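Colleague: Sharing final20.cif, mmCIF, C-alpha atoms:
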data_final
#
loop_
_atom_site.label_atom_id
_atom_site.label_comp_id
_atom_site.auth_asym_id
_atom_site.auth_seq_id
_atom_site.Cartn_x
_atom_site.Cartn_y
_atom_site.Cartn_z
CA MET U 1 -60.05 -4.24 -105.76
CA ASP U 2 -60.82 -7.66 -107.06
CA VAL U 3 -60.98 -7.75 -110.85
CA TRP U 4 -62.54 -11.20 -110.98
CA ARG U 5 -65.16 -10.38 -108.44
CA ILE U 6 -66.25 -7.29 -110.36
CA THR U 7 -66.16 -9.15 -113.66
CA TRP U 8 -68.22 -12.02 -112.29
CA PHE U 9 -70.75 -9.63 -110.72
CA THR U 10 -71.11 -7.75 -114.01
CA LEU U 11 -71.53 -10.92 -116.08
CA ALA U 12 -74.06 -12.39 -113.66
CA THR U 13 -76.22 -9.26 -113.43
CA ALA U 14 -76.05 -8.77 -117.21
CA ALA U 15 -77.07 -12.39 -117.79
CA LEU U 16 -80.01 -12.02 -115.41
CA ALA U 17 -80.99 -8.75 -117.10
CA THR U 18 -80.89 -10.46 -120.51
CA ALA U 19 -83.13 -13.23 -119.21
CA LEU U 20 -85.56 -10.61 -117.92
CA MET U 21 -85.59 -8.88 -121.34
CA LEU U 22 -86.83 -12.02 -123.09
CA PRO U 23 -90.51 -12.28 -122.08
CA PRO U 24 -91.50 -8.62 -122.55
CA GLY U 25 -89.04 -8.18 -125.41
CA LEU U 26 -90.35 -11.10 -127.46
CA PHE U 27 -93.93 -10.01 -126.89
CA ILE U 28 -93.31 -6.37 -127.81
CA ALA U 29 -91.23 -7.33 -130.85
CA TRP U 30 -93.97 -9.67 -132.06
CA ALA U 31 -96.68 -7.07 -131.45
CA LEU U 32 -94.71 -4.46 -133.40
CA ALA U 33 -93.88 -6.85 -136.25
CA ARG U 34 -97.27 -8.51 -136.64
CA GLY U 35 -99.85 -6.53 -134.70
CA ARG U 36 -102.27 -4.01 -136.13
CA PHE U 37 -103.47 -2.05 -133.15
CA ARG U 38 -103.90 1.53 -132.03
CA GLY U 39 -100.90 2.86 -130.19
CA ARG U 40 -98.42 0.77 -132.16
CA LEU U 41 -96.40 3.85 -133.05
CA LEU U 42 -96.49 5.00 -129.43
CA LEU U 43 -95.25 1.62 -128.18
CA ASP U 44 -92.51 1.61 -130.82
CA THR U 45 -91.37 5.07 -129.72
CA LEU U 46 -91.56 4.40 -125.97
CA VAL U 47 -89.55 1.18 -126.21
CA SER U 48 -86.76 2.88 -128.10
CA LEU U 49 -86.69 5.93 -125.83
CA PRO U 50 -83.91 4.66 -123.51
CA LEU U 51 -81.75 4.27 -126.61
CA VAL U 52 -81.72 8.00 -127.34
CA MET U 53 -82.34 9.58 -123.95
CA PRO U 54 -79.31 10.35 -121.83
CA PRO U 55 -78.88 7.19 -119.71
CA VAL U 56 -78.50 9.39 -116.65
CA ALA U 57 -81.97 10.80 -117.31
CA THR U 58 -83.44 7.32 -117.64
CA GLY U 59 -81.66 6.46 -114.41
CA LEU U 60 -83.26 9.41 -112.64
CA VAL U 61 -86.71 8.33 -113.87
CA LEU U 62 -86.07 4.81 -112.55
CA LEU U 63 -84.78 6.19 -109.26
CA THR U 64 -87.93 8.27 -108.86
CA LEU U 65 -90.15 5.30 -109.61
CA PHE U 66 -88.34 2.73 -107.47
CA ALA U 67 -87.19 4.79 -104.50
CA PRO U 68 -88.96 3.73 -101.26
CA PHE U 69 -91.39 6.64 -101.66
CA GLY U 70 -91.77 6.20 -105.45
CA LEU U 71 -94.64 4.84 -107.49
CA PHE U 72 -93.39 1.22 -107.58
CA GLY U 73 -90.90 1.52 -104.72
CA ARG U 74 -93.65 2.13 -102.17
CA ALA U 75 -95.41 -1.16 -102.94
CA LEU U 76 -92.09 -3.01 -103.07
CA ALA U 77 -90.99 -1.51 -99.76
CA ARG U 78 -94.22 -2.66 -98.18
CA ALA U 79 -93.40 -6.16 -99.40
CA GLY U 80 -89.98 -5.82 -97.81
CA VAL U 81 -88.08 -5.45 -101.06
CA GLN U 82 -85.56 -2.69 -101.47
CA VAL U 83 -84.38 -2.05 -105.01
CA VAL U 84 -82.38 1.17 -105.18
CA PHE U 85 -78.68 0.95 -104.33
CA THR U 86 -78.76 -2.86 -104.34
CA TRP U 87 -77.78 -5.40 -107.00
CA LYS U 88 -81.45 -5.47 -108.02
CA ALA U 89 -81.15 -1.87 -109.17
CA VAL U 90 -78.15 -2.84 -111.29
CA VAL U 91 -80.23 -5.53 -112.99
CA LEU U 92 -83.16 -3.15 -113.44
CA ALA U 93 -81.02 -0.48 -115.10
CA MET U 94 -79.38 -3.08 -117.38
CA THR U 95 -82.76 -4.53 -118.38
CA VAL U 96 -84.34 -1.20 -119.26
CA MET U 97 -81.29 -0.04 -121.19
CA GLY U 98 -80.81 -3.32 -123.07
CA LEU U 99 -84.46 -3.88 -123.97
CA PRO U 100 -84.60 -1.44 -126.94
CA LEU U 101 -81.69 -3.17 -128.70
CA PHE U 102 -83.23 -6.59 -128.10
CA VAL U 103 -86.67 -5.50 -129.33
CA ARG U 104 -85.37 -3.79 -132.46
CA THR U 105 -83.23 -6.74 -133.50
CA VAL U 106 -85.88 -9.37 -132.82
CA ARG U 107 -88.60 -7.33 -134.47
CA ALA U 108 -86.56 -7.12 -137.68
CA GLY U 109 -86.12 -10.90 -137.45
CA PHE U 110 -89.86 -11.49 -137.06
CA GLU U 111 -90.59 -9.20 -140.01
CA GLN U 112 -88.32 -11.31 -142.19
CA VAL U 113 -90.22 -14.51 -141.43
CA ASP U 114 -92.33 -15.24 -144.49
CA ARG U 115 -95.98 -14.89 -143.60
CA ARG U 116 -96.84 -17.77 -145.89
CA PHE U 117 -95.38 -20.17 -143.32
CA GLU U 118 -97.55 -18.64 -140.61
CA ALA U 119 -100.60 -18.81 -142.88
CA ALA U 120 -99.87 -22.47 -143.67
CA ALA U 121 -99.55 -23.28 -139.97
CA SER U 122 -102.86 -21.60 -139.18
CA THR U 123 -104.76 -23.46 -141.91
CA LEU U 124 -103.29 -26.66 -140.44
CA GLY U 125 -105.11 -25.89 -137.22
CA ALA U 126 -102.45 -24.08 -135.17
CA ALA U 127 -103.77 -21.33 -132.91
CA PRO U 128 -101.79 -18.05 -132.92
CA LEU U 129 -99.65 -18.93 -129.88
CA ARG U 130 -98.67 -22.27 -131.43
CA VAL U 131 -97.89 -20.58 -134.75
CA PHE U 132 -95.60 -18.21 -132.87
CA LEU U 133 -93.83 -20.89 -130.84
CA THR U 134 -93.42 -23.49 -133.59
CA VAL U 135 -92.98 -21.37 -136.73
CA THR U 136 -92.24 -17.68 -136.16
CA LEU U 137 -89.85 -18.07 -133.23
CA PRO U 138 -87.74 -20.93 -134.64
CA LEU U 139 -87.45 -19.23 -138.03
CA ALA U 140 -86.35 -16.01 -136.34
CA ARG U 141 -83.94 -17.78 -134.00
CA PRO U 142 -80.75 -16.13 -135.32
CA ALA U 143 -82.28 -12.70 -134.74
CA VAL U 144 -83.43 -13.65 -131.24
CA ILE U 145 -79.93 -14.83 -130.33
CA ALA U 146 -78.34 -11.78 -131.94
CA GLY U 147 -80.77 -9.52 -130.05
CA ALA U 148 -80.00 -11.25 -126.76
CA VAL U 149 -76.27 -10.87 -127.36
CA LEU U 150 -76.67 -7.17 -128.15
CA GLY U 151 -78.87 -6.66 -125.09
CA PHE U 152 -76.29 -8.50 -122.98
CA ALA U 153 -73.43 -6.44 -124.39
CA ARG U 154 -75.36 -3.25 -123.72
CA ALA U 155 -76.02 -4.41 -120.18
CA ILE U 156 -72.32 -5.03 -119.62
CA GLY U 157 -71.52 -1.51 -120.71
CA GLU U 158 -74.38 0.16 -118.84
CA PHE U 159 -73.18 3.11 -116.79
CA GLY U 160 -75.38 6.21 -116.65
CA ALA U 161 -78.60 4.67 -115.37
CA THR U 162 -76.70 2.33 -113.06
CA ILE U 163 -74.78 5.07 -111.29
CA MET U 164 -78.04 6.95 -110.68
CA ILE U 165 -80.11 4.12 -109.27
CA ALA U 166 -77.48 1.74 -107.88
CA GLY U 167 -74.48 3.92 -107.16
CA SER U 168 -70.95 2.60 -106.96
CA ILE U 169 -70.79 0.55 -103.80
CA PRO U 170 -67.74 -1.74 -103.85
CA GLY U 171 -68.71 -5.37 -103.50
CA SER U 172 -72.39 -4.59 -103.77
CA THR U 173 -73.36 -2.58 -106.86
CA ARG U 174 -70.05 -1.85 -108.56
CA THR U 175 -69.98 -3.14 -112.14
CA LEU U 176 -67.07 -2.98 -114.59
CA ALA U 177 -68.25 0.26 -116.20
CA VAL U 178 -68.96 1.93 -112.88
CA ALA U 179 -65.65 0.74 -111.43
CA ILE U 180 -63.72 2.19 -114.38
CA PHE U 181 -65.26 5.57 -113.70
CA SER U 182 -64.86 5.43 -109.92
CA LEU U 183 -61.25 4.25 -110.06
CA SER U 184 -60.07 6.77 -112.62
CA GLU U 185 -61.75 9.55 -110.68
CA ILE U 186 -59.54 8.85 -107.70
CA GLY U 187 -56.46 8.49 -109.87
CA ARG U 188 -56.16 4.69 -109.93
CA THR U 189 -55.81 4.85 -113.70
CA ARG U 190 -53.75 1.70 -114.09
CA GLU U 191 -56.40 -0.47 -112.43
CA ALA U 192 -59.11 1.23 -114.47
CA ALA U 193 -57.19 0.44 -117.64
CA GLY U 194 -57.10 -3.23 -116.66
CA LEU U 195 -60.88 -3.21 -116.38
CA VAL U 196 -61.15 -1.53 -119.77
CA LEU U 197 -59.35 -4.52 -121.28
CA VAL U 198 -61.79 -6.92 -119.63
CA CYS U 199 -64.75 -4.86 -120.95
CA ALA U 200 -63.28 -4.77 -124.45
CA ALA U 201 -62.73 -8.53 -124.47
CA ILE U 202 -66.30 -9.26 -123.40
CA ALA U 203 -67.82 -6.76 -125.85
CA PHE U 204 -65.63 -8.06 -128.69
CA ALA U 205 -66.59 -11.67 -128.05
CA ALA U 206 -70.30 -10.86 -127.80
CA LEU U 207 -70.41 -8.82 -130.99
CA TRP U 208 -68.27 -11.29 -132.90
CA TRP U 209 -70.62 -14.11 -132.01
CA SER U 210 -73.71 -12.05 -132.79
CA ASN U 211 -72.39 -10.90 -136.17
CA ARG U 212 -71.42 -14.43 -137.09
CA LEU U 213 -74.96 -15.62 -136.42
CA VAL U 214 -76.48 -12.83 -138.48
CA TRP U 215 -74.09 -13.54 -141.35
CA ALA U 216 -74.80 -17.24 -141.23
CA ALA U 217 -78.53 -16.56 -141.36
CA GLY U 218 -78.00 -14.21 -144.29
CA ASP U 219 -75.99 -16.80 -146.21
CA ARG U 220 -78.73 -19.39 -145.77
CA ALA U 221 -81.50 -17.11 -147.03
CA MET B 1 -121.39 -29.05 -150.44
CA ILE B 2 -119.41 -25.84 -150.36
CA LEU B 3 -121.37 -22.63 -150.37
CA LEU B 4 -119.57 -19.59 -151.74
CA ASP B 5 -121.70 -16.47 -151.67
CA PHE B 6 -119.68 -13.35 -151.09
CA THR B 7 -118.10 -10.20 -152.46
CA LEU B 8 -114.58 -9.04 -151.76
CA ARG B 9 -113.22 -5.70 -152.83
CA GLN B 10 -109.54 -4.96 -153.16
CA GLY B 11 -108.70 -1.57 -154.60
CA THR B 12 -110.47 -1.34 -157.92
CA PHE B 13 -110.86 -5.12 -158.17
CA THR B 14 -114.10 -6.72 -157.02
CA LEU B 15 -114.56 -10.44 -156.64
CA GLU B 16 -118.11 -11.67 -156.60
CA ILE B 17 -119.16 -15.28 -156.43
CA HIS B 18 -122.46 -17.06 -155.79
CA GLU B 19 -121.88 -20.77 -156.24
CA ARG B 20 -122.74 -24.09 -154.63
CA LEU B 21 -119.99 -26.63 -155.22
CA THR B 22 -121.12 -30.23 -155.00
CA ALA B 23 -118.64 -32.03 -157.27
CA ARG B 24 -115.78 -34.18 -155.97
CA VAL B 25 -113.32 -31.89 -157.73
CA THR B 26 -114.29 -28.40 -158.78
CA ALA B 27 -111.78 -26.62 -160.95
CA LEU B 28 -111.58 -22.86 -160.70
CA PHE B 29 -110.31 -22.02 -164.13
CA GLY B 30 -109.29 -18.66 -165.51
CA PRO B 31 -106.43 -16.35 -166.39
CA SER B 32 -104.03 -15.15 -163.70
CA GLY B 33 -105.32 -12.16 -161.80
CA SER B 34 -108.92 -13.26 -162.23
CA GLY B 35 -109.39 -13.86 -158.48
CA LYS B 36 -109.02 -17.63 -158.20
CA THR B 37 -106.49 -17.58 -155.38
CA THR B 38 -108.50 -14.92 -153.57
CA ILE B 39 -111.44 -17.35 -153.48
CA LEU B 40 -109.28 -20.00 -151.80
CA ASP B 41 -107.87 -17.44 -149.35
CA ALA B 42 -111.41 -16.45 -148.43
CA ILE B 43 -112.44 -20.06 -147.82
CA ALA B 44 -109.34 -20.65 -145.69
CA GLY B 45 -109.94 -17.48 -143.68
CA LEU B 46 -106.75 -15.77 -144.80
CA ARG B 47 -108.72 -12.96 -146.43
CA ARG B 48 -111.96 -11.49 -145.21
CA PRO B 49 -114.74 -10.83 -147.71
CA ASP B 50 -116.73 -7.63 -147.37
CA GLY B 51 -119.97 -9.51 -146.94
CA GLY B 52 -121.88 -12.67 -147.72
CA SER B 53 -121.35 -16.16 -146.41
CA ILE B 54 -119.15 -19.22 -146.76
CA ALA B 55 -120.15 -22.65 -145.51
CA ILE B 56 -119.06 -26.27 -145.80
CA ASP B 57 -122.10 -28.56 -145.55
CA SER B 58 -123.98 -27.22 -142.52
CA ARG B 59 -120.89 -25.64 -140.94
CA VAL B 60 -120.82 -21.87 -141.39
CA LEU B 61 -117.29 -20.50 -141.70
CA PHE B 62 -118.13 -16.93 -142.49
CA ASP B 63 -121.35 -14.99 -142.11
CA PRO B 64 -120.82 -11.56 -140.58
CA ALA B 65 -124.60 -10.95 -140.52
CA ALA B 66 -124.79 -13.81 -138.01
CA GLY B 67 -121.57 -12.73 -136.31
CA VAL B 68 -119.56 -15.70 -137.62
CA ASN B 69 -116.01 -15.43 -138.92
CA LEU B 70 -113.98 -18.46 -137.88
CA PRO B 71 -110.20 -17.93 -137.71
CA PRO B 72 -108.13 -20.05 -140.13
CA HIS B 73 -107.08 -22.55 -137.47
CA ARG B 74 -110.70 -23.47 -136.74
CA ARG B 75 -111.90 -23.85 -140.34
CA HIS B 76 -110.59 -27.37 -141.01
CA VAL B 77 -109.52 -26.74 -144.56
CA GLY B 78 -106.46 -28.32 -146.12
CA TYR B 79 -104.80 -25.61 -148.15
CA VAL B 80 -101.94 -26.42 -150.50
CA ALA B 81 -100.78 -23.00 -151.62
CA GLN B 82 -98.96 -22.38 -154.86
CA ASP B 83 -95.59 -22.08 -153.13
CA VAL B 84 -96.50 -25.06 -150.87
CA ALA B 85 -94.80 -23.33 -147.90
CA LEU B 86 -93.31 -26.42 -146.26
CA PHE B 87 -91.70 -25.46 -142.96
CA PRO B 88 -87.98 -25.23 -143.79
CA HIS B 89 -86.83 -25.84 -140.21
CA MET B 90 -88.60 -29.20 -139.88
CA THR B 91 -88.15 -32.63 -141.37
CA VAL B 92 -90.67 -33.98 -143.86
CA LYS B 93 -92.22 -36.08 -141.10
CA GLN B 94 -92.56 -33.12 -138.76
CA ASN B 95 -94.19 -31.18 -141.59
CA VAL B 96 -96.65 -33.92 -142.41
CA LEU B 97 -97.64 -34.42 -138.77
CA TYR B 98 -97.85 -30.71 -137.94
CA GLY B 99 -101.60 -30.46 -138.40
CA ARG B 100 -102.53 -33.92 -137.13
CA ARG B 101 -105.57 -33.80 -134.93
CA ASP B 102 -106.62 -36.10 -132.12
CA GLY B 103 -109.06 -38.79 -133.13
CA GLN B 104 -108.44 -38.45 -136.81
CA LYS B 105 -108.92 -41.54 -138.90
CA LEU B 106 -106.28 -41.08 -141.55
CA ALA B 107 -102.94 -42.55 -140.47
CA LEU B 108 -99.49 -41.62 -141.66
CA ASN B 109 -98.98 -45.17 -142.92
CA THR B 110 -101.98 -44.72 -145.20
CA VAL B 111 -101.07 -41.31 -146.53
CA ALA B 112 -97.32 -41.85 -146.95
CA PRO B 113 -97.60 -44.81 -149.36
CA MET B 114 -100.48 -43.22 -151.22
CA LEU B 115 -98.32 -40.20 -152.07
CA GLU B 116 -95.11 -42.23 -152.11
CA ILE B 117 -93.31 -40.12 -149.56
CA ALA B 118 -92.50 -42.87 -147.05
CA ASP B 119 -88.83 -42.78 -148.03
CA LEU B 120 -88.66 -39.02 -147.65
CA LEU B 121 -89.90 -38.71 -144.08
CA ASP B 122 -86.48 -38.17 -142.48
CA ARG B 123 -85.28 -35.70 -145.09
CA ARG B 124 -85.14 -31.98 -144.58
CA VAL B 125 -87.20 -29.72 -146.80
CA PRO B 126 -84.33 -28.10 -148.73
CA GLN B 127 -83.30 -31.57 -149.97
CA LEU B 128 -86.59 -32.19 -151.76
CA SER B 129 -87.28 -31.78 -155.47
CA GLY B 130 -90.23 -29.72 -156.68
CA GLY B 131 -92.45 -32.73 -157.25
CA GLU B 132 -91.57 -34.21 -153.84
CA ARG B 133 -92.46 -30.93 -152.17
CA GLN B 134 -95.86 -30.97 -153.82
CA ARG B 135 -96.60 -34.48 -152.60
CA VAL B 136 -95.42 -33.69 -149.07
CA ALA B 137 -97.59 -30.57 -149.02
CA VAL B 138 -100.62 -32.61 -150.11
CA ALA B 139 -99.85 -35.20 -147.40
CA ARG B 140 -99.52 -32.47 -144.79
CA ALA B 141 -102.88 -31.02 -145.76
CA LEU B 142 -104.52 -34.47 -145.70
CA MET B 143 -103.19 -35.27 -142.24
CA SER B 144 -105.02 -32.28 -140.76
CA ALA B 145 -108.31 -34.14 -141.46
CA PRO B 146 -109.76 -31.36 -143.60
CA GLN B 147 -113.40 -31.07 -144.62
CA VAL B 148 -112.30 -29.62 -147.93
CA LEU B 149 -109.01 -29.54 -149.82
CA LEU B 150 -107.93 -26.36 -151.54
CA PHE B 151 -105.25 -26.72 -154.19
CA ASP B 152 -103.81 -23.56 -155.68
CA GLU B 153 -102.09 -24.49 -158.93
CA PRO B 154 -100.28 -27.26 -157.09
CA LEU B 155 -98.42 -28.17 -160.25
CA ALA B 156 -97.57 -24.73 -161.57
CA ALA B 157 -93.96 -24.93 -160.44
CA VAL B 158 -93.44 -28.39 -161.90
CA ASP B 159 -92.55 -29.08 -165.52
CA VAL B 160 -94.99 -30.87 -167.81
CA GLU B 161 -93.23 -34.20 -167.52
CA ARG B 162 -93.37 -34.27 -163.70
CA ARG B 163 -96.85 -32.85 -163.70
CA ARG B 164 -98.12 -35.89 -165.54
CA ARG B 165 -96.47 -38.09 -162.95
CA ILE B 166 -98.20 -36.33 -160.05
CA TRP B 167 -101.69 -36.56 -161.52
CA PRO B 168 -102.21 -40.18 -160.44
CA TYR B 169 -101.51 -39.20 -156.80
CA LEU B 170 -104.10 -36.48 -156.95
CA GLU B 171 -106.56 -38.89 -158.54
CA ARG B 172 -105.99 -41.27 -155.64
CA VAL B 173 -106.72 -38.49 -153.18
CA ARG B 174 -109.87 -37.66 -155.13
CA ASP B 175 -111.10 -41.24 -155.46
CA ASP B 176 -110.09 -42.77 -152.12
CA LEU B 177 -110.69 -40.15 -149.48
CA GLY B 178 -114.04 -38.56 -150.29
CA VAL B 179 -112.89 -35.08 -149.35
CA PRO B 180 -114.18 -32.46 -151.78
CA ILE B 181 -111.44 -30.60 -153.65
CA VAL B 182 -111.41 -27.08 -155.00
CA TYR B 183 -108.66 -26.88 -157.55
CA VAL B 184 -107.28 -23.66 -159.01
CA THR B 185 -105.57 -23.96 -162.36
CA HIS B 186 -105.12 -22.29 -165.68
CA ASP B 187 -104.16 -25.48 -167.46
CA PRO B 188 -107.12 -26.87 -169.48
CA VAL B 189 -105.48 -30.30 -169.72
CA GLU B 190 -105.40 -30.50 -165.96
CA VAL B 191 -109.04 -29.49 -165.75
CA ASP B 192 -109.97 -32.19 -168.20
CA ARG B 193 -108.02 -34.83 -166.36
CA LEU B 194 -108.95 -34.11 -162.74
CA ALA B 195 -112.12 -32.05 -162.45
CA ASP B 196 -115.77 -33.07 -162.39
CA ARG B 197 -116.95 -29.52 -162.75
CA VAL B 198 -115.41 -26.31 -164.02
CA VAL B 199 -116.17 -22.87 -162.70
CA GLN B 200 -114.70 -20.31 -165.06
CA ILE B 201 -113.55 -17.05 -163.49
CA GLU B 202 -112.72 -13.90 -165.33
CA ASN B 203 -112.04 -10.52 -163.80
CA GLY B 204 -113.58 -11.47 -160.48
CA ARG B 205 -116.81 -12.94 -161.89
CA VAL B 206 -118.05 -16.38 -162.75
CA ILE B 207 -118.71 -16.54 -166.46
CA ASP B 208 -121.20 -18.88 -167.99
CA ARG B 209 -119.57 -20.19 -171.08
CA PRO B 210 -119.10 -23.77 -172.23
CA PHE B 211 -115.67 -24.98 -171.21
CA THR B 212 -113.71 -25.59 -174.36
CA PHE B 213 -110.77 -27.86 -174.01
CA LEU B 214 -108.66 -26.18 -176.68
CA ARG B 215 -108.80 -22.61 -175.59
#
Turn the structure described in the file into C-alpha cells.
Modeller:
Amino acid sequence: MDVWRITWFTLATAALATALMLPPGLFIAWALARGRFRGRLLLDTLVSLPLVMPPVATGLVLLTLFAPFGLFGRALARAGVQVVFTWKAVVLAMTVMGLPLFVRTVRAGFEQVDRRFEAAASTLGAAPLRVFLTVTLPLARPAVIAGAVLGFARAIGEFGATIMIAGSIPGSTRTLAVAIFSLSEIGRTREAAGLVLVCAAIAFAALWWSNRLVWAAGDRA
Amino acid sequence: MILLDFTLRQGTFTLEIHERLTARVTALFGPSGSGKTTILDAIAGLRRPDGGSIAIDSRVLFDPAAGVNLPPHRRHVGYVAQDVALFPHMTVKQNVLYGRRDGQKLALNTVAPMLEIADLLDRRVPQLSGGERQRVAVARALMSAPQVLLFDEPLAAVDVERRRRIWPYLERVRDDLGVPIVYVTHDPVEVDRLADRVVQIENGRVIDRPFTFLR
C-alpha cells in the first residue's frame, strides 16, 4: 500500500469533483436565491436529497444510471466511455455527494447580497448575467469559497456512493475513505489508522480555512 | 418630456399618477410613505405598475397594452437611490465607469471635476464620507448617459451643513447637462432651491395645492 499514492489520488479526484460542482452549483444556488419559478421547492428538495439519503442508496441509483446498460451508461458506452468502476465513477460520486453542501452554502451567500446593489447595477445598464458576474458573485465570494471547501471536504470523505459505483480497486479507484474500510476489514488496522490521520489532517485544514473565511466575511459586514 | 400615467397597487396602498413632466427639475414633494420612491422605482423598472404607461420623449418604457415593459438595464435612466448603493468591492473609479456606454459623449474628465471627485477615484468606497458618496453616486449615474436622472432624497443622509455644500454640484448637473431630473424630497428648502416645478404627492395621489414654502 502506498499512502502517498492514495492520498494524491483522493486529492486529485476531489479537486476535479469540486471543479465540476461549480457550474451547476452556482447556477442552482442563484436560481434558488433569486429565481421565482414553478418547481423551485422541488429543485431545492432534489438538490439536497443526497445529503439525507443513505450514500449507499445514492450510489446504487448512480450505478443503475451509469452502468453500461443504464440510462446514461448506454449512450456513454456507445461513445466508448466507461464510467463505473473507473476513476471517473469516483469523481461522479464525489460530485453528486458534494453538490448539496456547495449549493446550500453559496445560496445563503447569494441571499445575503443586498439587492440594492443588483438594482443599481441594472439601472446602470448591466444585463442580468453581467449583474451576476460583476456584483452578486464578487460580493458572495467568501460563501462561494466556503462552499467549495465544504464540497471538497465532503468529496474527500465520500465512501458509500463510491464503494457502490467505483468499488475498491487498488491503484485504480481506491480513495482514502474506501482504503480505510478495505484495510480494516482484512485486519490491517495499523495501516488504516495511518490513513485516518491523513483524512483528519485534510478535513481539519479545509474546515479551518473555510470557517476563517466565513468569520472574516462576518466581521466585515 | 416624461410621461407618467399609471396605477400601482401594493396591499391597501394605491399609487395613481397622471402627469407630464417637462421641467428641467421636477420635485416630487410629500411626506414619507406617500409613494414618491415608488414612482422612481416604476420609472426605473424596478417595480411594475398594474397598468398604464411610462415614456421618456417618444421612447415607451412601459405600456403593457402594447406589450412593452423594458427591463431596468434597457431603460437608460440614471437612478441615485437614497442609500446610493455604491459597489463596496470596487474603487470609486470602477464605480463611476460601471455604467459607461460605448459612444457616449460625457467623459470622465468632464464629470469628475464637475462633481469634484477627481481626487477620490482611487479610493475604496468604505473610505468615503457621506457627501463624497453622494457625489460619486451622481457621477456614476451621469456616466451611464441617462435620458433622465432620478434622485431619491440624495441628501437625506447628509447633515444640513453638507447639504448646502452639495447643492451647487446638483445645480451644475441641472444647468450644464440638459438631462431632465426627477427629484424626490421632503425638504421644502431644497425644492425652492433646485426645482422648476413641484408635484405634491400625498397618500399615493397628486394633490393640487399651491406649494407653500413654509409648510
Colleague: Once you count only C-alpha atoms, which residues of chain B turn out to be within 10 Å of chain U? Could you give them as an mmCIF file with C-alpha atoms, in the frame of the given file?
Modeller:
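The resulting result-v1.cif:
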data_model
loop_
_atom_site.group_PDB
_atom_site.id
_atom_site.type_symbol
_atom_site.label_atom_id
_atom_site.label_comp_id
_atom_site.auth_asym_id
_atom_site.auth_seq_id
_atom_site.Cartn_x
_atom_site.Cartn_y
_atom_site.Cartn_z
ATOM 1 C CA ASP B 41 -107.870 -17.440 -149.350
ATOM 2 C CA ALA B 44 -109.340 -20.650 -145.690
ATOM 3 C CA GLY B 45 -109.940 -17.480 -143.680
ATOM 4 C CA LEU B 46 -106.750 -15.770 -144.800
ATOM 5 C CA PRO B 71 -110.200 -17.930 -137.710
ATOM 6 C CA PRO B 72 -108.130 -20.050 -140.130
ATOM 7 C CA HIS B 73 -107.080 -22.550 -137.470
ATOM 8 C CA ARG B 74 -110.700 -23.470 -136.740
ATOM 9 C CA ARG B 75 -111.900 -23.850 -140.340
ATOM 10 C CA HIS B 76 -110.590 -27.370 -141.010
ATOM 11 C CA VAL B 77 -109.520 -26.740 -144.560
ATOM 12 C CA GLY B 78 -106.460 -28.320 -146.120
ATOM 13 C CA TYR B 79 -104.800 -25.610 -148.150
ATOM 14 C CA VAL B 80 -101.940 -26.420 -150.500
ATOM 15 C CA ALA B 81 -100.780 -23.000 -151.620
ATOM 16 C CA ASP B 83 -95.590 -22.080 -153.130
ATOM 17 C CA VAL B 84 -96.500 -25.060 -150.870
ATOM 18 C CA ALA B 85 -94.800 -23.330 -147.900
ATOM 19 C CA LEU B 86 -93.310 -26.420 -146.260
ATOM 20 C CA PHE B 87 -91.700 -25.460 -142.960
ATOM 21 C CA PRO B 88 -87.980 -25.230 -143.790
ATOM 22 C CA HIS B 89 -86.830 -25.840 -140.210
ATOM 23 C CA MET B 90 -88.600 -29.200 -139.880
ATOM 24 C CA ASN B 95 -94.190 -31.180 -141.590
ATOM 25 C CA LEU B 97 -97.640 -34.420 -138.770
ATOM 26 C CA TYR B 98 -97.850 -30.710 -137.940
ATOM 27 C CA GLY B 99 -101.600 -30.460 -138.400
ATOM 28 C CA ARG B 100 -102.530 -33.920 -137.130
ATOM 29 C CA ARG B 101 -105.570 -33.800 -134.930
ATOM 30 C CA ALA B 137 -97.590 -30.570 -149.020
ATOM 31 C CA ARG B 140 -99.520 -32.470 -144.790
ATOM 32 C CA ALA B 141 -102.880 -31.020 -145.760
ATOM 33 C CA LEU B 142 -104.520 -34.470 -145.700
ATOM 34 C CA MET B 143 -103.190 -35.270 -142.240
ATOM 35 C CA SER B 144 -105.020 -32.280 -140.760
ATOM 36 C CA ALA B 145 -108.310 -34.140 -141.460
ATOM 37 C CA PRO B 146 -109.760 -31.360 -143.600
#
Colleague: By how many Å are CA of Thr136 (chain U) and CA of Val136 (chain B) apart?
Modeller: 20.8 Å
Colleague: Kindly extract all protein, DNA and RNA residues lying within 12 Å of the coordinates (-97.5, -43.7, -149.1) given in the file, considering all atoms listed in the file, and supply them as a JSON list (two decimals) with C-alpha atoms, keeping the file's coordinate frame.
Modeller:
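Saved result, result_33.json, follows:
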[["chain", "number", "residue", "atom", "x", "y", "z"],
["B", 96, "VAL", "CA", -96.65, -33.92, -142.41],
["B", 106, "LEU", "CA", -106.28, -41.08, -141.55],
["B", 107, "ALA", "CA", -102.94, -42.55, -140.47],
["B", 108, "LEU", "CA", -99.49, -41.62, -141.66],
["B", 109, "ASN", "CA", -98.98, -45.17, -142.92],
["B", 110, "THR", "CA", -101.98, -44.72, -145.20],
["B", 111, "VAL", "CA", -101.07, -41.31, -146.53],
["B", 112, "ALA", "CA", -97.32, -41.85, -146.95],
["B", 113, "PRO", "CA", -97.60, -44.81, -149.36],
["B", 114, "MET", "CA", -100.48, -43.22, -151.22],
["B", 115, "LEU", "CA", -98.32, -40.20, -152.07],
["B", 116, "GLU", "CA", -95.11, -42.23, -152.11],
["B", 117, "ILE", "CA", -93.31, -40.12, -149.56],
["B", 118, "ALA", "CA", -92.50, -42.87, -147.05],
["B", 119, "ASP", "CA", -88.83, -42.78, -148.03],
["B", 120, "LEU", "CA", -88.66, -39.02, -147.65],
["B", 121, "LEU", "CA", -89.90, -38.71, -144.08],
["B", 135, "ARG", "CA", -96.60, -34.48, -152.60],
["B", 136, "VAL", "CA", -95.42, -33.69, -149.07],
["B", 138, "VAL", "CA", -100.62, -32.61, -150.11],
["B", 139, "ALA", "CA", -99.85, -35.20, -147.40],
["B", 169, "TYR", "CA", -101.51, -39.20, -156.80],
["B", 172, "ARG", "CA", -105.99, -41.27, -155.64],
["B", 173, "VAL", "CA", -106.72, -38.49, -153.18]]
Colleague: To test your reading of the syntax: which residues would the PyMOL selection byres ((chain B and resi 25) around 9) return for the file shown? Reply as a list in words.
Modeller: Leu21, Thr22, Ala23, Arg24, Thr26, Ala27, Arg174, Val179, Pro180, Ile181, Val182, Tyr183, Leu194, Ala195, Asp196, Arg197 and Val198 of chain B
